[in-house]
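Novice: Provided below: run.cif, containing mmCIF, C-alpha atoms.
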```cif
data_run
loop_
_atom_site.label_atom_id
_atom_site.label_comp_id
_atom_site.auth_asym_id
_atom_site.auth_seq_id
_atom_site.Cartn_x
_atom_site.Cartn_y
_atom_site.Cartn_z
CA MET A 25 186.64 202.91 161.64
CA ALA A 26 183.25 202.57 163.33
CA ASN A 27 183.13 203.78 166.92
CA MET A 28 181.08 200.80 168.02
CA ARG A 29 181.20 197.31 166.54
CA LEU A 30 177.93 196.18 165.02
CA SER A 31 176.31 192.87 165.86
CA MET A 32 176.95 189.94 163.54
CA ARG A 33 173.26 189.92 162.69
CA LYS A 34 173.44 193.54 161.53
CA ILE A 35 176.61 192.84 159.53
CA ARG A 36 174.97 189.87 157.83
CA GLU A 37 172.05 192.12 156.90
CA ILE A 38 174.42 194.72 155.43
CA LEU A 39 176.10 192.07 153.28
CA ARG A 40 172.73 190.65 152.23
CA ILE A 41 171.18 193.90 151.05
CA CYS A 42 174.37 195.31 149.49
CA TRP A 43 175.91 192.24 147.90
CA GLY A 44 172.76 190.18 147.53
CA GLY A 45 170.24 192.94 146.88
CA GLY A 46 172.45 195.43 145.07
CA LEU A 47 171.71 198.38 147.37
CA SER A 48 174.18 201.24 147.60
CA ALA A 49 175.97 202.14 150.82
CA ARG A 50 173.66 205.16 151.17
CA GLN A 51 170.52 203.03 150.79
CA ALA A 52 171.87 200.41 153.18
CA ALA A 53 172.67 203.10 155.74
CA THR A 54 169.06 204.26 155.65
CA SER A 55 167.73 200.69 155.84
CA CYS A 56 169.98 199.58 158.72
CA GLY A 57 170.04 202.85 160.65
CA VAL A 58 173.82 203.23 160.63
CA GLY A 59 176.20 205.66 158.97
CA ARG A 60 177.29 205.28 155.37
CA THR A 61 180.93 205.28 156.48
CA THR A 62 180.20 202.32 158.74
CA ILE A 63 178.52 200.47 155.88
CA LYS A 64 181.56 201.00 153.66
CA GLU A 65 183.92 199.89 156.41
CA TYR A 66 182.20 196.55 156.89
CA LEU A 67 181.92 195.96 153.17
CA ASP A 68 185.65 196.63 152.84
CA ARG A 69 186.43 194.27 155.75
CA ALA A 70 184.29 191.54 154.22
CA GLN A 71 185.98 191.96 150.84
CA ARG A 72 189.46 191.80 152.40
CA ALA A 73 188.40 188.67 154.26
CA GLY A 74 187.56 187.02 150.93
CA LEU A 75 183.85 186.78 151.68
CA SER A 76 181.08 186.80 149.11
CA TRP A 77 177.30 186.51 149.11
CA PRO A 78 175.69 184.21 150.00
CA LEU A 79 177.87 183.43 152.99
CA PRO A 80 178.72 179.76 153.57
CA GLU A 81 176.03 177.98 155.59
CA ASP A 82 178.57 176.72 158.13
CA LEU A 83 179.97 180.21 158.79
CA ASP A 84 178.74 180.91 162.30
CA ASP A 85 178.96 184.28 164.05
CA ALA A 86 182.16 183.47 165.93
CA VAL A 87 184.03 182.53 162.75
CA LEU A 88 182.57 185.48 160.84
CA GLU A 89 183.70 187.91 163.53
CA ASN A 90 187.19 186.45 163.50
CA ARG A 91 187.33 186.79 159.71
CA LEU A 92 186.27 190.43 159.88
CA PHE A 93 188.30 191.32 162.96
CA PRO A 94 191.26 188.92 163.03
CA SER A 95 193.33 189.00 166.20
CA SER A 96 197.08 189.41 165.89
CA ILE A 97 197.49 187.25 169.00
CA PRO A 98 197.08 183.45 168.62
CA LEU A 99 193.89 182.01 170.10
CA ASP A 100 195.84 179.77 172.46
CA VAL A 101 197.78 182.74 173.85
CA GLU A 102 195.23 185.50 174.28
CA ARG A 103 192.91 184.44 177.12
CA ARG A 104 191.64 187.52 179.01
CA ASN A 105 190.91 185.51 182.14
CA ILE A 106 188.75 182.91 180.37
CA PRO A 107 188.19 179.98 182.76
CA SER A 108 189.89 176.68 182.05
CA PHE A 109 188.50 175.21 178.83
CA ASP A 110 188.41 171.83 180.53
CA TYR A 111 186.22 173.39 183.23
CA LEU A 112 183.89 174.84 180.58
CA ARG A 113 183.61 171.48 178.89
CA LYS A 114 182.66 169.75 182.15
CA GLU A 115 180.12 172.45 182.99
CA LEU A 116 178.47 171.99 179.58
CA THR A 117 177.59 168.40 180.55
CA ARG A 118 175.28 169.74 183.26
CA LYS A 119 171.61 170.26 182.66
CA HIS A 120 170.60 173.73 181.47
CA VAL A 121 174.20 174.86 181.06
CA THR A 122 175.06 176.53 177.75
CA LEU A 123 178.07 178.43 176.44
CA GLN A 124 175.96 181.57 176.58
CA LEU A 125 175.26 181.03 180.29
CA LEU A 126 178.96 180.42 180.99
CA TRP A 127 179.84 183.53 179.02
CA HIS A 128 177.42 185.64 181.09
CA GLU A 129 179.05 184.35 184.27
CA TYR A 130 182.49 185.13 182.80
CA LYS A 131 181.47 188.68 181.79
CA GLU A 132 180.08 189.41 185.25
CA LYS A 133 183.55 188.79 186.66
CA ASN A 134 185.42 190.25 183.66
CA PRO A 135 183.51 193.24 182.20
CA GLU A 136 186.41 193.96 179.83
CA GLY A 137 186.58 190.35 178.68
CA TYR A 138 185.64 188.86 175.33
CA GLU A 139 182.27 189.27 173.73
CA TYR A 140 180.20 186.13 173.23
CA SER A 141 181.33 185.31 169.69
CA GLN A 142 185.04 185.53 170.55
CA PHE A 143 184.46 183.54 173.74
CA CYS A 144 182.87 180.75 171.67
CA LEU A 145 185.58 180.96 169.00
CA ARG A 146 188.35 180.30 171.51
CA TYR A 147 186.50 177.46 173.18
CA ARG A 148 185.76 175.76 169.85
CA ALA A 149 189.37 176.21 168.73
CA TRP A 150 190.44 174.41 171.91
CA LEU A 151 187.95 171.60 171.26
CA LYS A 152 189.60 170.93 167.90
CA THR A 153 192.90 170.23 169.66
CA LEU A 154 191.44 167.33 171.65
CA ASP A 155 192.00 163.76 170.59
CA VAL A 156 188.88 162.10 169.25
CA ALA A 157 188.08 159.13 171.45
CA LEU A 158 185.19 157.74 169.41
CA ARG A 159 183.59 158.67 166.14
CA GLN A 160 180.13 157.44 165.22
CA ASP A 161 179.63 156.81 161.52
CA TYR A 162 176.14 156.16 160.17
CA LYS A 163 174.94 155.05 156.77
CA ALA A 164 172.26 157.12 155.07
CA GLY A 165 168.82 155.90 156.06
CA GLU A 166 170.21 153.46 158.61
CA LYS A 167 169.33 154.93 162.02
CA LEU A 168 166.79 157.39 163.37
CA PHE A 169 167.26 158.62 166.95
CA VAL A 170 164.11 159.66 168.81
CA ASP A 171 163.59 161.14 172.25
CA PHE A 172 161.84 163.84 174.22
CA ALA A 173 164.24 166.75 174.61
CA GLY A 174 164.97 168.80 177.69
CA ASP A 175 162.34 170.41 179.88
CA THR A 176 158.72 171.06 179.08
CA ILE A 177 157.66 174.14 177.13
CA PRO A 178 154.98 176.34 178.76
CA ILE A 179 151.95 176.82 176.52
CA HIS A 180 149.80 179.84 177.42
CA ASP A 181 146.08 179.82 176.58
CA PRO A 182 145.23 183.43 175.58
CA ARG A 183 141.54 182.91 176.39
CA THR A 184 141.77 181.37 179.85
CA GLY A 185 145.25 182.45 180.89
CA THR A 186 146.13 178.93 181.97
CA VAL A 187 149.59 177.52 181.39
CA ALA A 188 150.06 173.89 180.37
CA PRO A 189 153.32 172.03 179.78
CA ALA A 190 154.20 170.70 176.33
CA TYR A 191 156.79 168.02 175.64
CA LEU A 192 159.15 168.44 172.70
CA PHE A 193 159.67 165.29 170.66
CA VAL A 194 162.79 165.29 168.48
CA ALA A 195 163.81 162.77 165.81
CA ALA A 196 167.15 163.02 163.99
CA LEU A 197 168.68 160.89 161.25
CA GLY A 198 172.12 159.61 162.22
CA ALA A 199 173.89 160.25 158.92
CA SER A 200 172.58 163.72 158.06
CA ASN A 201 171.22 165.03 161.39
CA TYR A 202 168.08 165.94 159.44
CA THR A 203 165.60 166.65 162.21
CA TYR A 204 161.87 166.57 162.88
CA ALA A 205 160.40 168.10 166.04
CA GLU A 206 156.86 168.32 167.40
CA ALA A 207 155.39 169.53 170.68
CA VAL A 208 152.69 167.41 172.36
CA SER A 209 150.75 167.59 175.60
CA HIS A 210 151.40 163.98 176.66
CA GLN A 211 154.15 161.37 176.49
CA ASP A 212 151.77 158.40 176.61
CA LEU A 213 151.89 155.52 174.15
CA PRO A 214 149.26 156.86 171.68
CA SER A 215 151.13 160.17 171.50
CA ARG A 216 154.45 158.41 170.98
CA ILE A 217 153.06 156.22 168.19
CA SER A 218 151.51 159.25 166.46
CA LEU A 219 154.80 161.11 166.70
CA HIS A 220 156.63 158.27 165.00
CA VAL A 221 154.03 158.20 162.23
CA HIS A 222 154.33 161.96 161.75
CA THR A 223 158.11 161.62 161.64
CA PHE A 224 158.03 158.95 158.94
CA GLU A 225 155.55 161.03 156.94
CA TYR A 226 157.73 164.12 157.26
CA PHE A 227 160.86 162.32 156.07
CA GLY A 228 158.93 160.48 153.39
CA ALA A 229 160.74 157.28 154.32
CA VAL A 230 161.30 154.84 157.18
CA PRO A 231 164.76 154.14 158.62
CA MET A 232 166.15 150.63 158.88
CA ILE A 233 166.61 151.11 162.65
CA THR A 234 164.73 153.35 165.09
CA VAL A 235 166.66 154.11 168.26
CA PRO A 236 164.48 155.39 171.12
CA ASP A 237 165.55 156.10 174.65
CA ASN A 238 164.31 153.62 177.24
CA PRO A 239 160.97 155.22 178.21
CA LYS A 240 158.63 153.04 180.24
CA VAL A 241 155.82 153.70 177.79
CA GLY A 242 157.76 152.14 174.91
CA VAL A 243 160.03 149.65 176.66
CA THR A 244 158.28 147.49 179.23
CA HIS A 245 161.47 145.89 180.55
CA PRO A 246 164.57 148.12 180.33
CA CYS A 247 167.60 145.90 180.10
CA ARG A 248 171.19 146.59 179.13
CA TYR A 249 171.21 143.76 176.58
CA GLU A 250 167.65 142.63 175.76
CA PRO A 251 165.00 145.27 176.49
CA ASP A 252 161.39 144.17 175.94
CA LEU A 253 159.29 146.46 173.75
CA ASN A 254 155.71 147.40 174.42
CA PRO A 255 153.53 145.20 172.13
CA THR A 256 151.88 148.23 170.48
CA TYR A 257 155.26 149.82 169.87
CA GLN A 258 156.47 146.53 168.41
CA ASP A 259 153.39 146.33 166.16
CA MET A 260 154.17 149.81 164.84
CA ALA A 261 157.72 148.71 164.04
CA ILE A 262 156.45 145.63 162.20
CA HIS A 263 153.90 147.70 160.26
CA TYR A 264 156.54 150.16 159.08
CA ASP A 265 159.22 147.51 158.65
CA THR A 266 161.74 149.17 160.97
CA ALA A 267 163.79 147.54 163.72
CA VAL A 268 163.50 149.21 167.12
CA VAL A 269 166.80 149.05 168.99
CA PRO A 270 166.51 151.00 172.28
CA ALA A 271 169.48 152.92 173.55
CA ARG A 272 171.56 151.17 176.19
CA VAL A 273 170.48 151.74 179.75
CA LYS A 274 172.85 153.95 181.68
CA LYS A 275 172.88 155.67 185.00
CA PRO A 276 172.24 159.38 184.43
CA PRO A 277 175.03 161.61 185.70
CA SER A 278 174.35 163.76 188.72
CA ARG A 279 173.67 167.36 187.81
CA THR A 280 174.03 170.49 189.87
CA ALA A 281 170.94 172.68 190.09
CA ARG A 282 171.39 176.06 188.41
CA LEU A 283 169.67 179.30 189.32
CA HIS A 284 169.63 180.37 185.69
CA THR A 285 167.15 179.08 183.14
CA ALA A 286 168.50 178.29 179.69
CA PRO A 287 167.79 175.82 176.86
CA PRO A 288 169.43 172.38 177.10
CA HIS A 289 173.04 172.23 175.86
CA ASP A 290 172.27 169.47 173.43
CA VAL A 291 169.35 167.23 172.60
CA TRP A 292 171.55 164.23 171.89
CA GLU A 293 174.21 163.16 174.32
#
```
Starting from the file, lay out its structure as structure tokens.
Specialist:
Amino acid sequence: MANMRLSMRKIREILRICWGGGLSARQAATSCGVGRTTIKEYLDRAQRAGLSWPLPEDLDDAVLENRLFPSSIPLDVERRNIPSFDYLRKELTRKHVTLQLLWHEYKEKNPEGYEYSQFCLRYRAWLKTLDVALRQDYKAGEKLFVDFAGDTIPIHDPRTGTVAPAYLFVAALGASNYTYAEAVSHQDLPSRISLHVHTFEYFGAVPMITVPDNPKVGVTHPCRYEPDLNPTYQDMAIHYDTAVVPARVKKPPSRTARLHTAPPHDVWE
């Protein structure tokens, strides 16, 4: 058995070049910089786990690690001082909080605790035990959700050294989650219109309904029931034959400031 467990990225590479590329264990050892015995061990583990190449697209690192290194103790029993899963779930609703950030905080207090993939595996297993309160079902081509996601992205000019913020626009189809993203320097109306045009061109089609947030630039009168659209925004909708139905206005939840910087937990809430 290997003295030190390899990263899931390294293991995926071993499976790719051996099973997908046909390299021998000796060749893979040279390519990956690990011992031939280690290569054989992981290939044997993957074979016993019933894996084959290519790996399923939905097989994330946490699940892959559990397949290769299954625990003899049920997930709901073995905890190793993991915080309450309900606490983790509530923390993930806060701005800039991710599972990776929560894992770092957990490892600082529990150096012998789970690695990141196992930490995620146990949390996701707990999520599956929760009752589903509401499920959103969308028809193909019916709705497109658009919004600016998270914080700005710093853009560094290599010639002048100046740093300018960029705003990340994200559009996702409701049925497939097929996504288009583009960074722009402004969130004004011309930029927003251009982003919609680029989105439609990228998808090669126009959705029946476009669901934006309630930005002032696109909705002149935010209202819970009958928001008024900016005339230019409305003209764009008429031109592309799509109905713009802004998201309902809601009071944003209070969020606790964090000292850490991390990507947003999720673009769509």
Novice: Using all atoms listed in the file, which of the listed residues (A:Leu116, A:Val221, A:Ile177, A:Ala261) sits closest to Tyr204 (chain A)?
Specialist: A:Val221
Novice: Quick one: pull the distance between CA of Tyr257 (chain A) and CA of Gln160 (chain A), Å, one decimal.
Specialist: 26.4 Å
Novice: Residues near region 139-143 of chain A, anyone? I mean within 7 Å using all atoms listed in the file, not counting same-chain ones fewer than 6 positions away, as a list in words.
Specialist: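 Near neighbours after the sequence-gap exclusion: Asp85, Ala86 and Trp127 of chain A.
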Novice: Between A:Gly137, A:Pro189, A:Gly44, A:Pro231, which one has atoms that come closest to Lys163 (chain A), using only C-alpha atoms?
Specialist: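 Ranking A:Gly137, A:Pro189, A:Gly44, A:Pro231 by distance to Lys163 (chain A), first place goes to A:Pro231.
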Novice: On this file, the PyMOL selection byres ((chain A and resi 145) around 12) gives some set of residues; write that set as a short mmCIF file (atom, residue, chain, number, x, y, z; two decimals) with C-alpha atoms, in the frame of the given file.
Specialist:
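Writing done, so here's part_32.cif:
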```cif
data_model
loop_
_atom_site.label_atom_id
_atom_site.label_comp_id
_atom_site.auth_asym_id
_atom_site.auth_seq_id
_atom_site.Cartn_x
_atom_site.Cartn_y
_atom_site.Cartn_z
CA LEU A 83 179.97 180.21 158.79
CA ASP A 84 178.74 180.91 162.30
CA ASP A 85 178.96 184.28 164.05
CA ALA A 86 182.16 183.47 165.93
CA VAL A 87 184.03 182.53 162.75
CA LEU A 88 182.57 185.48 160.84
CA GLU A 89 183.70 187.91 163.53
CA ASN A 90 187.19 186.45 163.50
CA ARG A 91 187.33 186.79 159.71
CA PRO A 94 191.26 188.92 163.03
CA SER A 95 193.33 189.00 166.20
CA PRO A 98 197.08 183.45 168.62
CA LEU A 99 193.89 182.01 170.10
CA ASP A 100 195.84 179.77 172.46
CA GLU A 102 195.23 185.50 174.28
CA ARG A 103 192.91 184.44 177.12
CA ILE A 106 188.75 182.91 180.37
CA PHE A 109 188.50 175.21 178.83
CA LEU A 123 178.07 178.43 176.44
CA TRP A 127 179.84 183.53 179.02
CA TYR A 138 185.64 188.86 175.33
CA GLU A 139 182.27 189.27 173.73
CA TYR A 140 180.20 186.13 173.23
CA SER A 141 181.33 185.31 169.69
CA GLN A 142 185.04 185.53 170.55
CA PHE A 143 184.46 183.54 173.74
CA CYS A 144 182.87 180.75 171.67
CA ARG A 146 188.35 180.30 171.51
CA TYR A 147 186.50 177.46 173.18
CA ARG A 148 185.76 175.76 169.85
CA ALA A 149 189.37 176.21 168.73
CA TRP A 150 190.44 174.41 171.91
CA LEU A 151 187.95 171.60 171.26
CA LYS A 152 189.60 170.93 167.90
#
```
Novice: Please expand the PyMOL selection byres ((chain A and resi 53) around 12) into the concrete residues it hits in this file, giving the result as a ChimeraX atom specification.
Specialist: /A:34-35,37-39,41-42,47-52,54-67
Novice: Report, in Å with one decimal, the straight-line distance from CA of Gly228 (chain A) to CA of Thr176 (chain A).
Specialist: 27.8 Å
Novice: Mind giving me the straight-line distance from CA of Ala267 (chain A) to CA of Leu168 (chain A) in Å, one decimal?
Specialist: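 Taking CA of Ala267 (chain A) as the start and CA of Leu168 (chain A) as the end point, the length is 10.3 Å.
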Novice: Restricting the calculation to only C-alpha atoms, which member of A:His120, A:Asp161, A:His220, A:Leu125 is positioned closest to Asp175 (chain A)?
Specialist: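 With only C-alpha atoms as the atom set, the closest residue is A:His120.
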